[in-house]
>>> print(open('model.txt').read())   # compact mmCIF, C-alpha atoms
# COMPACT_ATOMS: atom_id res chain seq x y z
CA MET A 1 -53.70 -54.15 -105.75
CA ALA A 2 -52.83 -54.23 -102.05
CA THR A 3 -50.21 -51.51 -102.29
CA ARG A 4 -49.51 -47.96 -101.14
CA PHE A 5 -50.54 -44.92 -103.18
CA GLU A 6 -49.30 -41.39 -102.55
CA LEU A 7 -50.15 -38.01 -104.09
CA VAL A 8 -48.07 -34.84 -104.09
CA LEU A 9 -50.14 -31.78 -105.00
CA ALA A 10 -48.57 -28.42 -105.83
CA GLY A 11 -50.43 -25.76 -103.88
CA ASP A 12 -52.87 -25.79 -101.00
CA GLY A 13 -56.38 -24.67 -100.24
CA PRO A 14 -59.88 -26.08 -100.72
CA ARG A 15 -59.39 -26.91 -104.42
CA ALA A 16 -56.29 -29.02 -103.80
CA ARG A 17 -57.83 -30.76 -100.79
CA ALA A 18 -61.06 -31.55 -102.66
CA GLY A 19 -59.10 -32.79 -105.67
CA GLY A 20 -56.87 -34.96 -103.50
CA GLU A 21 -59.84 -36.53 -101.74
CA ALA A 22 -61.58 -37.21 -105.06
CA ALA A 23 -58.38 -38.76 -106.45
CA LEU A 24 -58.02 -41.07 -103.46
CA ASP A 25 -61.68 -42.04 -103.77
CA ALA A 26 -61.04 -42.95 -107.43
CA ILE A 27 -58.11 -45.14 -106.40
CA ARG A 28 -60.17 -46.90 -103.73
CA GLU A 29 -62.98 -47.51 -106.21
CA THR A 30 -60.55 -49.00 -108.72
CA GLU A 31 -59.16 -51.29 -106.03
CA GLN A 32 -62.67 -52.46 -105.17
CA ARG A 33 -63.48 -53.10 -108.83
CA LEU A 34 -60.29 -54.68 -110.16
CA SER A 35 -58.52 -56.47 -107.32
CA ALA A 36 -58.36 -60.23 -107.80
CA PHE A 37 -57.87 -60.54 -104.04
CA ARG A 38 -61.33 -59.13 -103.20
CA ARG A 39 -64.24 -61.54 -103.44
CA ASP A 40 -66.65 -58.69 -104.14
CA SER A 41 -64.69 -57.15 -107.04
CA LEU A 42 -65.88 -57.15 -110.63
CA THR A 43 -62.75 -59.08 -111.58
CA ALA A 44 -63.59 -61.77 -109.03
CA ARG A 45 -67.13 -61.98 -110.44
CA VAL A 46 -65.82 -62.45 -113.98
CA ASN A 47 -63.36 -65.09 -112.75
CA ALA A 48 -66.06 -66.92 -110.81
CA GLY A 49 -68.22 -66.99 -113.96
CA ALA A 50 -65.50 -68.46 -116.18
CA GLY A 51 -67.11 -70.20 -119.13
CA THR A 52 -70.18 -67.96 -119.07
CA ALA A 53 -70.91 -64.40 -120.23
CA VAL A 54 -70.74 -61.95 -117.31
CA ARG A 55 -72.20 -58.46 -117.62
CA VAL A 56 -69.75 -55.61 -116.98
CA ASP A 57 -69.84 -51.81 -117.25
CA ASP A 58 -68.31 -49.36 -119.71
CA GLU A 59 -65.15 -48.72 -117.70
CA PHE A 60 -64.37 -52.43 -117.41
CA LEU A 61 -64.89 -52.79 -121.16
CA GLU A 62 -62.53 -49.87 -121.76
CA LEU A 63 -59.85 -51.56 -119.67
CA LEU A 64 -60.32 -54.84 -121.54
CA GLN A 65 -59.95 -52.99 -124.85
CA LEU A 66 -56.69 -51.39 -123.71
CA CYS A 67 -55.41 -54.79 -122.57
CA ALA A 68 -56.37 -56.37 -125.89
CA ARG A 69 -54.43 -53.71 -127.82
CA VAL A 70 -51.27 -54.15 -125.76
CA HIS A 71 -51.62 -57.94 -125.82
CA ALA A 72 -51.77 -57.89 -129.63
CA ALA A 73 -48.96 -55.34 -130.01
CA THR A 74 -46.65 -57.39 -127.77
CA ARG A 75 -47.64 -60.72 -129.35
CA GLY A 76 -48.82 -62.07 -126.03
CA ALA A 77 -45.96 -60.84 -123.82
CA PHE A 78 -48.52 -58.78 -121.89
CA ASP A 79 -51.42 -60.98 -120.81
CA PRO A 80 -53.94 -60.20 -118.04
CA GLY A 81 -55.18 -63.78 -118.26
CA VAL A 82 -52.34 -65.07 -116.04
CA GLY A 83 -54.36 -65.30 -112.81
CA ALA A 84 -54.50 -69.10 -112.72
CA LEU A 85 -50.80 -69.29 -113.59
CA MET A 86 -49.98 -66.93 -110.74
CA GLU A 87 -51.93 -69.16 -108.41
CA ASN A 88 -50.24 -72.31 -109.67
CA TRP A 89 -46.79 -70.83 -109.20
CA GLY A 90 -47.61 -69.91 -105.60
CA PHE A 91 -47.83 -66.12 -105.95
CA ARG A 92 -51.30 -66.12 -104.37
CA GLY A 93 -50.50 -68.44 -101.52
CA PRO A 94 -49.38 -72.10 -101.42
CA HIS A 95 -48.51 -73.71 -104.76
CA ALA A 96 -51.80 -74.92 -106.23
CA GLY A 97 -50.53 -77.23 -108.97
CA GLY A 98 -52.73 -78.42 -111.80
CA ALA A 99 -52.99 -77.26 -115.39
CA ALA A 100 -53.45 -73.61 -116.26
CA ARG A 101 -52.52 -71.30 -119.08
CA ALA A 102 -53.00 -67.75 -120.16
CA GLY A 103 -54.13 -66.56 -123.59
CA PHE A 104 -55.98 -63.25 -123.43
CA GLU A 105 -56.88 -63.65 -127.10
CA ARG A 106 -59.38 -66.30 -125.96
CA VAL A 107 -61.34 -63.75 -123.90
CA LEU A 108 -64.64 -62.98 -125.65
CA VAL A 109 -65.94 -59.43 -125.27
CA ASP A 110 -69.39 -58.46 -126.51
CA GLU A 111 -69.46 -54.66 -126.44
CA ALA A 112 -73.10 -54.46 -127.55
CA ALA A 113 -74.26 -56.76 -124.75
CA HIS A 114 -71.69 -55.41 -122.26
CA THR A 115 -70.48 -58.91 -121.42
CA VAL A 116 -67.15 -60.71 -121.13
CA ARG A 117 -66.58 -64.46 -121.21
CA ILE A 118 -63.28 -65.99 -120.13
CA PRO A 119 -62.51 -69.68 -120.80
CA ALA A 120 -62.91 -72.21 -118.01
CA GLY A 121 -59.60 -72.52 -116.16
CA MET A 122 -58.53 -68.92 -116.86
CA GLN A 123 -58.51 -66.11 -114.31
CA LEU A 124 -58.02 -62.42 -115.02
CA ASP A 125 -55.32 -60.63 -113.05
CA PHE A 126 -54.82 -56.90 -113.68
CA GLY A 127 -51.73 -56.68 -111.49
CA ALA A 128 -49.62 -55.54 -114.45
CA VAL A 129 -51.94 -52.66 -115.37
CA GLY A 130 -54.24 -51.98 -112.41
CA LYS A 131 -52.06 -49.47 -110.53
CA GLY A 132 -51.61 -47.42 -113.68
CA TRP A 133 -55.32 -47.59 -114.44
CA ALA A 134 -56.05 -46.33 -110.91
CA LEU A 135 -53.60 -43.44 -111.35
CA ASP A 136 -55.25 -42.45 -114.64
CA ARG A 137 -58.64 -42.34 -112.91
CA ALA A 138 -57.15 -40.31 -110.05
CA ALA A 139 -55.63 -37.87 -112.53
CA GLU A 140 -59.04 -37.39 -114.13
CA ALA A 141 -60.46 -36.50 -110.72
CA LEU A 142 -57.66 -34.00 -110.09
CA ARG A 143 -58.14 -32.29 -113.45
CA ALA A 144 -61.89 -32.09 -112.86
CA ALA A 145 -61.16 -30.34 -109.56
CA GLY A 146 -58.89 -27.84 -111.26
CA VAL A 147 -55.58 -29.27 -110.00
CA ALA A 148 -52.97 -28.76 -112.73
CA SER A 149 -49.77 -29.84 -110.96
CA ALA A 150 -49.37 -33.12 -109.11
CA LEU A 151 -47.27 -36.27 -108.86
CA LEU A 152 -49.00 -39.58 -108.15
CA HIS A 153 -47.49 -42.99 -107.55
CA GLY A 154 -48.68 -46.48 -106.76
CA GLY A 155 -46.37 -48.97 -105.11
CA THR A 156 -43.36 -46.85 -106.23
CA SER A 157 -43.48 -48.64 -109.60
CA SER A 158 -46.25 -46.68 -111.31
CA VAL A 159 -45.91 -42.90 -111.52
CA LEU A 160 -48.02 -40.21 -113.21
CA ALA A 161 -47.18 -36.52 -113.47
CA LEU A 162 -49.64 -33.69 -114.06
CA GLY A 163 -47.93 -30.55 -115.29
CA ALA A 164 -44.76 -29.58 -113.44
CA PRO A 165 -43.94 -28.38 -109.92
CA PRO A 166 -43.71 -24.61 -109.38
CA GLY A 167 -40.48 -23.17 -110.78
CA ALA A 168 -39.51 -26.34 -112.66
CA GLU A 169 -40.06 -27.72 -116.14
CA ALA A 170 -40.90 -31.26 -115.02
CA TRP A 171 -41.24 -33.59 -112.08
CA LYS A 172 -38.10 -35.68 -111.55
CA VAL A 173 -38.34 -39.32 -110.51
CA ARG A 174 -35.32 -41.46 -109.72
CA ILE A 175 -35.34 -45.15 -110.59
CA ARG A 176 -33.53 -47.07 -107.86
CA GLY A 177 -30.12 -47.96 -109.22
CA GLY A 178 -30.91 -46.12 -112.44
CA PRO A 179 -31.31 -42.64 -113.89
CA ASP A 180 -33.57 -39.72 -113.08
CA VAL A 181 -36.60 -39.45 -115.35
CA ALA A 182 -38.26 -36.11 -116.11
CA LEU A 183 -42.06 -36.30 -116.31
CA ARG A 184 -44.51 -33.65 -117.43
CA ASP A 185 -48.03 -34.77 -118.32
CA ALA A 186 -46.64 -38.27 -118.73
CA ALA A 187 -46.35 -41.55 -116.86
CA LEU A 188 -43.56 -43.92 -115.86
CA GLY A 189 -43.91 -47.67 -115.42
CA VAL A 190 -41.24 -49.87 -113.82
CA SER A 191 -41.33 -53.66 -113.78
CA ALA A 192 -38.93 -56.03 -112.02
CA PRO A 193 -39.18 -59.67 -110.94
CA HIS A 194 -37.94 -59.05 -107.39
CA GLY A 195 -40.17 -57.84 -104.58
CA ARG A 196 -42.55 -60.80 -104.51
CA THR A 197 -41.15 -64.30 -104.89
CA ALA A 198 -42.24 -67.90 -104.50
CA GLU A 199 -40.25 -71.09 -104.01
CA ARG A 200 -40.64 -73.99 -106.39
CA ASP A 201 -38.37 -76.91 -107.20
CA GLY A 202 -35.88 -75.64 -104.63
CA ARG A 203 -35.53 -72.20 -106.27
CA ARG A 204 -36.88 -68.71 -105.64
CA HIS A 205 -38.76 -67.25 -108.58
CA GLY A 206 -39.81 -63.66 -109.26
CA HIS A 207 -43.50 -62.88 -109.62
CA VAL A 208 -43.50 -61.60 -113.23
CA LEU A 209 -44.55 -64.43 -115.55
CA ASP A 210 -43.83 -64.93 -119.22
CA PRO A 211 -47.34 -65.96 -120.30
CA ARG A 212 -46.00 -67.54 -123.50
CA ARG A 213 -43.90 -70.02 -121.51
CA ALA A 214 -46.20 -70.17 -118.47
CA ALA A 215 -43.11 -69.59 -116.33
CA PRO A 216 -41.34 -66.72 -114.51
CA VAL A 217 -39.32 -64.23 -116.57
CA GLN A 218 -35.63 -64.98 -116.92
CA GLY A 219 -32.81 -62.81 -118.19
CA MET A 220 -34.07 -59.34 -117.22
CA ALA A 221 -33.63 -57.49 -113.93
CA LEU A 222 -35.68 -54.39 -114.71
CA ALA A 223 -37.66 -52.68 -117.45
CA ALA A 224 -38.97 -49.12 -117.39
CA CYS A 225 -40.75 -46.90 -119.87
CA THR A 226 -42.70 -43.67 -120.20
CA ALA A 227 -46.01 -43.25 -122.01
CA THR A 228 -48.98 -40.93 -122.29
CA SER A 229 -50.97 -42.81 -119.65
CA ALA A 230 -50.05 -44.72 -116.51
CA ALA A 231 -51.98 -47.79 -117.62
CA LEU A 232 -50.00 -47.96 -120.87
CA ALA A 233 -46.69 -47.43 -119.06
CA ASP A 234 -47.60 -50.16 -116.56
CA ALA A 235 -48.60 -52.69 -119.19
CA TRP A 236 -45.69 -51.99 -121.50
CA SER A 237 -43.05 -52.10 -118.75
CA THR A 238 -44.22 -55.64 -117.95
CA ALA A 239 -44.15 -56.59 -121.62
CA LEU A 240 -40.64 -55.19 -122.01
CA LEU A 241 -39.44 -57.25 -119.05
CA VAL A 242 -40.84 -60.37 -120.74
CA LEU A 243 -39.55 -59.50 -124.20
CA GLY A 244 -36.15 -58.18 -123.20
CA ALA A 245 -36.37 -55.77 -126.16
CA VAL A 246 -38.43 -52.85 -127.44
CA PRO A 247 -40.77 -53.64 -130.38
CA PRO A 248 -40.48 -51.14 -133.27
CA ALA A 249 -44.09 -49.96 -132.95
CA ALA A 250 -44.15 -49.54 -129.17
CA PRO A 251 -46.03 -46.30 -128.29
CA LEU A 252 -43.35 -45.25 -125.78
CA THR A 253 -41.32 -42.08 -125.39
CA TRP A 254 -38.46 -43.52 -123.30
CA THR A 255 -37.32 -47.01 -122.29
CA LEU A 256 -34.75 -48.65 -120.03
CA LEU A 257 -33.88 -52.36 -120.06
CA VAL A 258 -31.50 -53.85 -117.47
CA PRO A 259 -30.37 -57.47 -118.04
CA ASP A 260 -30.06 -59.83 -115.10
CA PRO A 261 -26.28 -60.37 -114.55
CA ALA A 262 -26.98 -63.97 -113.54
CA HIS A 263 -28.23 -64.68 -117.09
CA VAL A 264 -25.74 -62.66 -119.15
>>> encode(input="model.txt", output="structure tokens")
Amino acid sequence: MATRFELVLAGDGPRARAGGEAALDAIRETEQRLSAFRRDSLTARVNAGAGTAVRVDDEFLELLQLCARVHAATRGAFDPGVGALMENWGFRGPHAGGAARAGFERVLVDEAAHTVRIPAGMQLDFGAVGKGWALDRAAEALRAAGVASALLHGGTSSVLALGAPPGAEAWKVRIRGGPDVALRDAALGVSAPHGRTAERDGRRHGHVLDPRRAAPVQGMALAACTATSAALADAWSTALLVLGAVPPAAPLTWTLLVPDPAHV
């Protein structure tokens, strides 16, 4: 994930400190497991074994199941199989070139055998859901420690609220250039193409790809949404940026879509 995480815990004392340390440990563990930039991560092992069945654990299977549900619900607008495309567009270093495509529906998961097989040429990249997944794991650690009020964020784009701060009904989070969002036992995901760019064909392109076109998103400047979990909010905010609209069955409680003025 290679980003900054911060926790704000209401209260002090041994319980809060222990919960905060356990939450940070959960975030570090998620980074070690999911990051495509770490050679020793489980994601890297699955990518290195493309074309073969690689054994994974229950938590990795749970993440794959969540991704499959969002991928199907968004008709492919959310796709964690974009790793090779990201590489080819130069978002993981120099432009690699060559053929690559996404298509998470081609990932074969055998729950009974605890294995996953991705097609040759595909790479998993959980950049659109990993920060939220880490926040959900951190929240579990906080609850287990008895912490009932906290605000967690990863990279300023993924936010999760436990309870509310003392004397208030909800945590308030301001989207840069947008409205304040009230969060109580809910999560906020924000997706935008700026922040990380790459140059190709004499143009700068944002890092969010439309996996259906195998090209960077065009037409949207920002998408934000709230959901019951940070992983869902993360994944759906990316899908909304790609789609430019909210599907009727989206499991979201609030959404914001901001068109790119250059494409209006």
>>> closest_residue(input="model.txt", among="A:Ala113, A:Leu7, A:Ala77, A:Val107", to="Asn47 of chain A", atoms="all atoms listed in the file")
A:Val107
>>> residues_around(input="model.txt", residues="segment 38-43 of chain A", least_positions_apart="5", cutoff="7 Å", atoms="only C-alpha atoms", output="PyMOL selection string")
chain A and resi 32-33+124
>>> atom_distance(input="model.txt", atom1="atom CA of Ala141 of chain A", atom2="atom CA of Gly11 of chain A")
16.2 Å
>>> residues_around(input="model.txt", residues="Ala249 of chain A", least_positions_apart="5", cutoff="12 Å", atoms="all atoms listed in the file", output="list in words")
Val70, Ala72, Ala73, Thr74, Arg75 and Trp236 of chain A
>>> residues_around(input="model.txt", residues="Thr52 of chain A", least_positions_apart="2", cutoff="8 Å", atoms="only C-alpha atoms", output="list of chain:residue names")
A:Gly49, A:Ala50, A:Val54, A:Arg117, A:Ile118
>>> atom_distance(input="model.txt", atom1="atom CA of Trp89 of chain A", atom2="atom CA of Val208 of chain A")
10.6 Å
>>> residues_near_point(input="model.txt", point="(-46.8, -28.4, -112.9)", cutoff="9 Å", atoms="only C-alpha atoms", output="list in words")
Ala10, Ala148, Ser149, Ala150, Leu151, Ala161, Leu162, Gly163, Ala164, Pro165, Pro166, Gly167, Ala168, Glu169, Ala170, Trp171, Arg184 and Asp185 of chain A
>>> write_last_selection(input="model.txt", atoms="C-alpha atoms", output="mmCIF file, in the coordinates of the input")
data_model
loop_
_atom_site.group_PDB
_atom_site.id
_atom_site.type_symbol
_atom_site.label_atom_id
_atom_site.label_comp_id
_atom_site.auth_asym_id
_atom_site.auth_seq_id
_atom_site.Cartn_x
_atom_site.Cartn_y
_atom_site.Cartn_z
ATOM 1 C CA ALA A 10 -48.570 -28.420 -105.830
ATOM 2 C CA ALA A 148 -52.970 -28.760 -112.730
ATOM 3 C CA SER A 149 -49.770 -29.840 -110.960
ATOM 4 C CA ALA A 150 -49.370 -33.120 -109.110
ATOM 5 C CA LEU A 151 -47.270 -36.270 -108.860
ATOM 6 C CA ALA A 161 -47.180 -36.520 -113.470
ATOM 7 C CA LEU A 162 -49.640 -33.690 -114.060
ATOM 8 C CA GLY A 163 -47.930 -30.550 -115.290
ATOM 9 C CA ALA A 164 -44.760 -29.580 -113.440
ATOM 10 C CA PRO A 165 -43.940 -28.380 -109.920
ATOM 11 C CA PRO A 166 -43.710 -24.610 -109.380
ATOM 12 C CA GLY A 167 -40.480 -23.170 -110.780
ATOM 13 C CA ALA A 168 -39.510 -26.340 -112.660
ATOM 14 C CA GLU A 169 -40.060 -27.720 -116.140
ATOM 15 C CA ALA A 170 -40.900 -31.260 -115.020
ATOM 16 C CA TRP A 171 -41.240 -33.590 -112.080
ATOM 17 C CA ARG A 184 -44.510 -33.650 -117.430
ATOM 18 C CA ASP A 185 -48.030 -34.770 -118.320
#
>>> residues_around(input="model.txt", residues="Asp260 of chain A", least_positions_apart="5", cutoff="6 Å", atoms="only C-alpha atoms", output="ChimeraX atom specification")
/A:219-221
